[in-house]
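Enquirer: So here's start-v1.csv, just CSV, N, CA and C atoms:
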```
chain,number,residue,atom,x,y,z
K,1,GLN,N,9.3,8.3,2.6
K,1,GLN,CA,7.9,8.5,3.1
K,1,GLN,C,7.0,7.5,2.3
K,2,VAL,N,6.2,6.8,3.0
K,2,VAL,CA,5.3,5.8,2.4
K,2,VAL,C,3.9,6.5,2.2
K,3,GLN,N,3.4,6.3,1.0
K,3,GLN,CA,2.1,6.8,0.7
K,3,GLN,C,1.2,5.7,0.1
K,4,LEU,N,0.0,5.6,0.5
K,4,LEU,CA,-1.0,4.6,0.1
K,4,LEU,C,-2.1,5.3,-0.7
K,5,VAL,N,-2.4,4.8,-1.9
K,5,VAL,CA,-3.5,5.4,-2.7
K,5,VAL,C,-4.5,4.3,-3.1
K,6,GLU,N,-5.7,4.5,-2.6
K,6,GLU,CA,-6.8,3.5,-3.0
K,6,GLU,C,-7.5,3.9,-4.3
K,7,SER,N,-8.0,3.0,-4.9
K,7,SER,CA,-8.8,3.2,-6.1
K,7,SER,C,-9.8,2.1,-6.3
K,8,GLY,N,-10.8,2.3,-7.2
K,8,GLY,CA,-11.7,1.2,-7.5
K,8,GLY,C,-13.1,1.3,-6.8
K,9,GLY,N,-13.3,2.3,-6.0
K,9,GLY,CA,-14.6,2.5,-5.4
K,9,GLY,C,-15.6,3.0,-6.4
K,10,GLY,N,-16.8,3.0,-6.0
K,10,GLY,CA,-17.9,3.5,-6.9
K,10,GLY,C,-19.3,3.1,-6.4
K,11,LEU,N,-20.2,3.3,-7.3
K,11,LEU,CA,-21.6,2.9,-7.1
K,11,LEU,C,-21.9,1.6,-7.7
K,12,VAL,N,-22.5,0.7,-7.0
K,12,VAL,CA,-22.9,-0.6,-7.5
K,12,VAL,C,-24.2,-1.1,-6.9
K,13,GLN,N,-24.9,-1.9,-7.7
K,13,GLN,CA,-26.2,-2.4,-7.1
K,13,GLN,C,-25.9,-3.6,-6.2
K,14,ALA,N,-26.9,-3.8,-5.3
K,14,ALA,CA,-26.8,-4.9,-4.4
K,14,ALA,C,-26.6,-6.2,-5.2
K,15,GLY,N,-25.7,-7.1,-4.7
K,15,GLY,CA,-25.4,-8.3,-5.4
K,15,GLY,C,-24.2,-8.2,-6.4
K,16,GLY,N,-23.8,-7.0,-6.6
K,16,GLY,CA,-22.7,-6.8,-7.6
K,16,GLY,C,-21.4,-6.9,-6.9
K,17,SER,N,-20.3,-6.6,-7.7
K,17,SER,CA,-18.9,-6.8,-7.2
K,17,SER,C,-18.1,-5.5,-7.5
K,18,LEU,N,-17.1,-5.3,-6.7
K,18,LEU,CA,-16.1,-4.3,-6.9
K,18,LEU,C,-14.8,-4.8,-6.5
K,19,ARG,N,-13.7,-4.3,-7.1
K,19,ARG,CA,-12.4,-4.6,-6.7
K,19,ARG,C,-11.6,-3.4,-6.4
K,20,LEU,N,-11.2,-3.2,-5.1
K,20,LEU,CA,-10.4,-2.1,-4.7
K,20,LEU,C,-9.0,-2.4,-4.8
K,21,SER,N,-8.2,-1.4,-5.1
K,21,SER,CA,-6.7,-1.5,-5.1
K,21,SER,C,-6.1,-0.5,-4.2
K,22,CYS,N,-5.0,-0.8,-3.6
K,22,CYS,CA,-4.2,0.1,-2.8
K,22,CYS,C,-2.7,0.0,-3.2
K,23,ALA,N,-2.3,1.1,-3.8
K,23,ALA,CA,-0.9,1.1,-4.3
K,23,ALA,C,0.0,1.8,-3.3
K,24,ALA,N,1.1,1.2,-3.0
K,24,ALA,CA,2.0,1.7,-2.0
K,24,ALA,C,3.2,2.2,-2.7
K,25,SER,N,3.6,3.5,-2.3
K,25,SER,CA,4.9,4.0,-2.8
K,25,SER,C,5.8,4.2,-1.7
K,26,GLY,N,7.1,4.2,-1.9
K,26,GLY,CA,8.1,4.3,-0.9
K,26,GLY,C,8.5,2.9,-0.4
K,27,LYS,N,9.5,2.9,0.5
K,27,LYS,CA,10.1,1.6,0.9
K,27,LYS,C,9.4,1.1,2.2
K,28,ILE,N,9.0,-0.1,2.2
K,28,ILE,CA,8.5,-0.7,3.4
K,28,ILE,C,9.3,-2.0,3.6
K,29,PHE,N,10.2,-2.1,4.5
K,29,PHE,CA,11.1,-3.2,4.7
K,29,PHE,C,10.4,-4.3,5.5
K,30,ARG,N,9.5,-4.0,6.3
K,30,ARG,CA,8.8,-5.0,7.1
K,30,ARG,C,7.4,-4.4,7.5
K,31,PHE,N,6.5,-5.3,7.8
K,31,PHE,CA,5.2,-4.8,8.3
K,31,PHE,C,4.7,-5.8,9.3
K,32,ASP,N,3.8,-5.3,10.2
K,32,ASP,CA,3.1,-6.2,11.1
K,32,ASP,C,1.8,-6.6,10.5
K,33,TYR,N,1.1,-5.7,9.9
K,33,TYR,CA,-0.2,-6.0,9.3
K,33,TYR,C,-0.4,-5.1,8.1
K,34,MET,N,-1.1,-5.6,7.1
K,34,MET,CA,-1.6,-4.7,6.0
K,34,MET,C,-3.1,-5.1,5.8
K,35,GLY,N,-3.9,-4.2,5.5
K,35,GLY,CA,-5.3,-4.6,5.4
K,35,GLY,C,-6.2,-3.4,5.0
K,36,TRP,N,-7.5,-3.7,5.1
K,36,TRP,CA,-8.6,-2.8,4.7
K,36,TRP,C,-9.5,-2.5,5.9
K,37,TYR,N,-9.9,-1.3,6.1
K,37,TYR,CA,-10.9,-0.9,7.1
K,37,TYR,C,-12.0,-0.1,6.3
K,38,ARG,N,-13.1,0.1,7.0
K,38,ARG,CA,-14.1,0.9,6.4
K,38,ARG,C,-14.9,1.7,7.5
K,39,GLN,N,-15.4,2.8,7.1
K,39,GLN,CA,-16.2,3.7,8.0
K,39,GLN,C,-17.4,4.2,7.3
K,40,ALA,N,-18.6,3.8,7.9
K,40,ALA,CA,-19.8,4.3,7.4
K,40,ALA,C,-20.2,5.5,8.2
K,41,PRO,N,-21.1,6.4,7.6
K,41,PRO,CA,-21.5,7.6,8.3
K,41,PRO,C,-22.1,7.3,9.7
K,42,GLY,N,-21.6,8.0,10.7
K,42,GLY,CA,-22.1,7.9,12.0
K,42,GLY,C,-21.6,6.6,12.8
K,43,LYS,N,-20.7,5.9,12.1
K,43,LYS,CA,-20.2,4.7,12.7
K,43,LYS,C,-18.7,4.7,12.9
K,44,GLU,N,-18.2,3.9,13.8
K,44,GLU,CA,-16.7,3.8,14.0
K,44,GLU,C,-16.1,3.0,12.8
K,45,ARG,N,-14.8,3.3,12.6
K,45,ARG,CA,-14.0,2.5,11.6
K,45,ARG,C,-13.9,1.1,12.1
K,46,GLU,N,-14.1,0.2,11.1
K,46,GLU,CA,-14.1,-1.2,11.5
K,46,GLU,C,-13.2,-2.0,10.5
K,47,LEU,N,-12.7,-3.1,11.0
K,47,LEU,CA,-11.8,-4.0,10.2
K,47,LEU,C,-12.7,-4.7,9.1
K,48,VAL,N,-12.1,-4.7,7.9
K,48,VAL,CA,-12.7,-5.5,6.8
K,48,VAL,C,-11.9,-6.7,6.6
K,49,ALA,N,-10.6,-6.6,6.4
K,49,ALA,CA,-9.7,-7.7,6.2
K,49,ALA,C,-8.3,-7.3,6.6
K,50,ARG,N,-7.5,-8.2,7.1
K,50,ARG,CA,-6.1,-7.9,7.5
K,50,ARG,C,-5.2,-9.1,7.3
K,51,ILE,N,-4.1,-8.8,6.6
K,51,ILE,CA,-3.0,-9.8,6.4
K,51,ILE,C,-1.9,-9.5,7.3
K,52,PRO,N,-1.5,-10.5,8.1
K,52,PRO,CA,-0.4,-10.3,9.0
K,52,PRO,C,0.9,-10.7,8.2
K,53,ASP,N,2.1,-10.3,8.8
K,53,ASP,CA,3.3,-10.7,8.2
K,53,ASP,C,3.5,-12.2,8.3
K,54,PHE,N,3.1,-12.7,9.4
K,54,PHE,CA,3.1,-14.2,9.6
K,54,PHE,C,1.7,-14.5,10.1
K,55,GLY,N,1.1,-15.6,9.7
K,55,GLY,CA,-0.1,-16.1,10.2
K,55,GLY,C,-1.3,-16.0,9.2
K,56,ARG,N,-2.5,-16.2,9.8
K,56,ARG,CA,-3.7,-16.2,8.9
K,56,ARG,C,-4.3,-14.9,8.7
K,57,THR,N,-4.9,-14.7,7.5
K,57,THR,CA,-5.6,-13.5,7.2
K,57,THR,C,-6.9,-13.5,8.1
K,58,ARG,N,-7.3,-12.3,8.5
K,58,ARG,CA,-8.5,-12.2,9.3
K,58,ARG,C,-9.5,-11.3,8.6
K,59,TYR,N,-10.8,-11.7,8.7
K,59,TYR,CA,-11.8,-11.0,8.0
K,59,TYR,C,-12.8,-10.5,9.1
K,60,GLY,N,-13.5,-9.4,8.9
K,60,GLY,CA,-14.6,-9.0,9.7
K,60,GLY,C,-15.7,-10.0,9.5
K,61,ASP,N,-16.5,-10.2,10.6
K,61,ASP,CA,-17.6,-11.2,10.5
K,61,ASP,C,-18.6,-10.9,9.4
K,62,SER,N,-18.9,-9.6,9.1
K,62,SER,CA,-19.9,-9.2,8.2
K,62,SER,C,-19.5,-9.4,6.7
K,63,VAL,N,-18.2,-9.7,6.5
K,63,VAL,CA,-17.7,-9.8,5.1
K,63,VAL,C,-17.2,-11.2,4.8
K,64,LYS,N,-17.1,-12.1,5.8
K,64,LYS,CA,-16.6,-13.4,5.6
K,64,LYS,C,-17.3,-14.1,4.5
K,65,GLY,N,-16.6,-14.8,3.6
K,65,GLY,CA,-17.2,-15.5,2.5
K,65,GLY,C,-17.6,-14.7,1.3
K,66,ARG,N,-17.5,-13.3,1.4
K,66,ARG,CA,-17.9,-12.4,0.3
K,66,ARG,C,-16.7,-11.6,-0.2
K,67,PHE,N,-15.8,-11.3,0.7
K,67,PHE,CA,-14.6,-10.4,0.4
K,67,PHE,C,-13.4,-11.2,0.5
K,68,THR,N,-12.4,-10.9,-0.4
K,68,THR,CA,-11.1,-11.6,-0.4
K,68,THR,C,-10.0,-10.5,-0.5
K,69,VAL,N,-9.1,-10.6,0.4
K,69,VAL,CA,-7.9,-9.6,0.4
K,69,VAL,C,-6.7,-10.4,-0.2
K,70,SER,N,-5.9,-9.7,-1.0
K,70,SER,CA,-4.7,-10.3,-1.6
K,70,SER,C,-3.7,-9.2,-1.8
K,71,ARG,N,-2.5,-9.6,-2.1
K,71,ARG,CA,-1.4,-8.6,-2.3
K,71,ARG,C,-0.5,-9.1,-3.4
K,72,ASP,N,0.0,-8.2,-4.2
K,72,ASP,CA,1.0,-8.4,-5.2
K,72,ASP,C,2.3,-7.7,-4.8
K,73,ASN,N,3.2,-8.5,-4.2
K,73,ASN,CA,4.5,-7.9,-3.7
K,73,ASN,C,5.3,-7.2,-4.8
K,74,ALA,N,5.3,-7.8,-6.0
K,74,ALA,CA,6.1,-7.2,-7.1
K,74,ALA,C,5.5,-5.8,-7.5
K,75,GLU,N,4.2,-5.6,-7.4
K,75,GLU,CA,3.6,-4.4,-7.7
K,75,GLU,C,3.4,-3.5,-6.5
K,76,ASN,N,3.8,-3.9,-5.3
K,76,ASN,CA,3.5,-3.1,-4.1
K,76,ASN,C,2.0,-2.7,-4.1
K,77,THR,N,1.1,-3.6,-4.3
K,77,THR,CA,-0.3,-3.3,-4.4
K,77,THR,C,-1.1,-4.4,-3.6
K,78,MET,N,-2.1,-3.9,-2.9
K,78,MET,CA,-3.0,-4.8,-2.2
K,78,MET,C,-4.4,-4.6,-2.8
K,79,TYR,N,-5.1,-5.7,-2.8
K,79,TYR,CA,-6.4,-5.7,-3.4
K,79,TYR,C,-7.5,-6.2,-2.4
K,80,LEU,N,-8.7,-5.7,-2.7
K,80,LEU,CA,-9.9,-6.2,-1.9
K,80,LEU,C,-11.0,-6.5,-3.0
K,81,GLN,N,-11.2,-7.8,-3.2
K,81,GLN,CA,-12.3,-8.2,-4.1
K,81,GLN,C,-13.5,-8.4,-3.2
K,82,MET,N,-14.6,-7.6,-3.6
K,82,MET,CA,-15.8,-7.6,-2.9
K,82,MET,C,-16.9,-8.1,-3.8
K,83,ASN,N,-17.5,-9.3,-3.3
K,83,ASN,CA,-18.6,-9.9,-4.1
K,83,ASN,C,-19.9,-9.9,-3.3
K,84,ASP,N,-21.0,-10.0,-4.0
K,84,ASP,CA,-22.3,-10.1,-3.3
K,84,ASP,C,-22.5,-8.9,-2.4
K,85,LEU,N,-22.2,-7.7,-2.9
K,85,LEU,CA,-22.3,-6.5,-2.1
K,85,LEU,C,-23.7,-6.2,-1.6
K,86,LYS,N,-23.8,-5.7,-0.4
K,86,LYS,CA,-25.0,-5.3,0.3
K,86,LYS,C,-25.1,-3.8,0.6
K,87,PRO,N,-26.3,-3.3,0.7
K,87,PRO,CA,-26.3,-1.8,1.1
K,87,PRO,C,-25.6,-1.5,2.3
K,88,GLU,N,-25.5,-2.4,3.3
K,88,GLU,CA,-24.8,-2.2,4.5
K,88,GLU,C,-23.3,-2.2,4.3
K,89,ASP,N,-22.8,-2.5,3.1
K,89,ASP,CA,-21.3,-2.4,2.9
K,89,ASP,C,-21.0,-1.0,2.4
K,90,THR,N,-22.0,-0.1,2.3
K,90,THR,CA,-21.7,1.3,1.9
K,90,THR,C,-20.8,2.0,3.0
K,91,ALA,N,-19.7,2.5,2.6
K,91,ALA,CA,-18.7,3.1,3.5
K,91,ALA,C,-17.6,3.7,2.7
K,92,VAL,N,-16.7,4.4,3.4
K,92,VAL,CA,-15.4,4.8,2.8
K,92,VAL,C,-14.5,3.7,3.3
K,93,TYR,N,-13.7,3.2,2.3
K,93,TYR,CA,-12.8,2.1,2.5
K,93,TYR,C,-11.4,2.6,2.5
K,94,TYR,N,-10.6,2.2,3.6
K,94,TYR,CA,-9.3,2.7,3.7
K,94,TYR,C,-8.3,1.5,3.7
K,95,CYS,N,-7.2,1.7,3.1
K,95,CYS,CA,-6.1,0.7,3.2
K,95,CYS,C,-5.1,1.2,4.3
K,96,ASN,N,-4.5,0.2,4.9
K,96,ASN,CA,-3.6,0.5,6.1
K,96,ASN,C,-2.4,-0.5,6.1
K,97,ILE,N,-1.3,0.1,6.4
K,97,ILE,CA,-0.1,-0.7,6.7
K,97,ILE,C,0.4,-0.3,8.1
K,98,LEU,N,0.5,-1.3,8.9
K,98,LEU,CA,1.0,-1.1,10.3
K,98,LEU,C,2.4,-1.7,10.3
K,99,ALA,N,3.4,-0.9,10.5
K,99,ALA,CA,4.8,-1.3,10.6
K,99,ALA,C,5.3,-0.5,11.8
K,100,ASN,N,5.0,-1.1,13.0
K,100,ASN,CA,5.3,-0.4,14.3
K,100,ASN,C,6.7,0.2,14.3
K,101,PRO,N,6.8,1.5,14.7
K,101,PRO,CA,5.8,2.3,15.2
K,101,PRO,C,5.0,3.1,14.1
K,102,GLN,N,5.3,2.9,12.9
K,102,GLN,CA,4.6,3.6,11.8
K,102,GLN,C,3.3,3.0,11.5
K,103,ASP,N,2.3,3.8,11.2
K,103,ASP,CA,1.0,3.4,10.9
K,103,ASP,C,0.5,4.2,9.7
K,104,TYR,N,0.4,3.6,8.5
K,104,TYR,CA,0.2,4.3,7.3
K,104,TYR,C,-1.3,4.1,6.9
K,105,TRP,N,-1.9,5.2,6.4
K,105,TRP,CA,-3.3,5.1,5.9
K,105,TRP,C,-3.5,5.8,4.6
K,106,GLY,N,-4.3,5.3,3.7
K,106,GLY,CA,-4.7,6.0,2.5
K,106,GLY,C,-5.8,7.0,2.8
K,107,GLN,N,-6.1,7.7,1.7
K,107,GLN,CA,-7.1,8.8,1.8
K,107,GLN,C,-8.5,8.2,1.8
K,108,GLY,N,-8.7,7.0,1.4
K,108,GLY,CA,-10.1,6.4,1.4
K,108,GLY,C,-10.7,6.4,0.0
K,109,THR,N,-11.6,5.5,-0.3
K,109,THR,CA,-12.3,5.4,-1.5
K,109,THR,C,-13.8,5.1,-1.1
K,110,GLN,N,-14.7,5.8,-1.7
K,110,GLN,CA,-16.1,5.6,-1.4
K,110,GLN,C,-16.7,4.4,-2.1
K,111,VAL,N,-17.4,3.6,-1.4
K,111,VAL,CA,-18.2,2.5,-2.0
K,111,VAL,C,-19.6,2.7,-1.6
K,112,THR,N,-20.5,2.7,-2.6
K,112,THR,CA,-21.9,2.9,-2.3
K,112,THR,C,-22.7,1.8,-3.0
K,113,VAL,N,-23.5,1.1,-2.2
K,113,VAL,CA,-24.2,-0.1,-2.7
K,113,VAL,C,-25.7,0.3,-2.7
K,114,SER,N,-26.4,0.3,-3.8
K,114,SER,CA,-27.8,0.7,-3.8
K,114,SER,C,-28.6,-0.6,-3.8
K,115,SER,N,-29.8,-0.5,-3.2
K,115,SER,CA,-30.7,-1.6,-3.0
K,115,SER,C,-31.6,-1.8,-4.2
```
As a first step, turn the structure in this file into structure tokens.

Expert:
Amino acid sequence: QVQLVESGGGLVQAGGSLRLSCAASGKIFRFDYMGWYRQAPGKERELVARIPDFGRTRYGDSVKGRFTVSRDNAENTMYLQMNDLKPEDTAVYYCNILANPQDYWGQGTQVTVSS
């Protein structure tokens, strides 16, 4: 059974930075995508950044140039470096691994950006 645990969220002022981590436990032999999503109150969950097994990383339009997703295969950990944070980045951030037909989600970590 695969479990994903996010950490690194918190309260930060606008213009600041945070680094989120997603630690995966269990065996994942292959995946289609791994990435980060977020959901703000009253809004739908949206893509932040996604790494495919093959191909180019994709970023949501609102975070391009500010956020960077990366992974450490040896540590089974994925990261999201968030720079120049804005109040509109406030949301619960979820990590995700899609390995069809399995779709794994973490419990989420809150990021709050004050103006």

Enquirer: Using backbone DSSP assignments, extract all helix (DSSP H, G or I) residues from region 28-108 of chain K; output them as a list in words.

Expert: Asn73, Ala74, Glu75, Pro87, Glu88 and Asp89 of chain K

Enquirer: Pick out the residues sitting within 8 Å of Thr77 (chain K), and hand them over as number ranges by chain; count all atoms listed in the file, and ignore anything fewer than 4 positions along from it in its own chain.

Expert: K: 21-25, 70-73

Enquirer: What does the structure give for the distance between CA of Arg66 (chain K) and CA of Leu98 (chain K), in Å to one decimal?

Expert: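 So the two atoms, CA of Arg66 (chain K) and CA of Leu98 (chain K), lie 24.2 Å apart.
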
Enquirer: Work out how far apart atom N of Ala14 (chain K) and atom C of Arg56 (chain K) are and give it in Å to one decimal.

Expert: 28.8 Å

Enquirer: If I put a ball of radius 7 Å at (-20.9, 4.6, -0.8) in the file's coordinates, which residues poke into it when counting all atoms listed in the file, written as a list in words?

Expert: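 I get Gly10, Leu11, Asp89, Thr90, Ala91, Val92, Gln110, Val111, Thr112 and Val113 of chain K for the residues within 7 Å of that point.
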
Enquirer: Report, in Å with one decimal, the straight-line distance from atom N of Trp105 (chain K) to CA of Asp84 (chain K).

Expert: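 The value is 27.3 Å.
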
Enquirer: Just want the 7 Å neighbourhood of Phe31 (chain K), counted on only C-alpha atoms, with same-chain residues fewer than 6 positions away dropped. Output as a VMD selection string.

Expert: chain K and resid 53 97 to 99
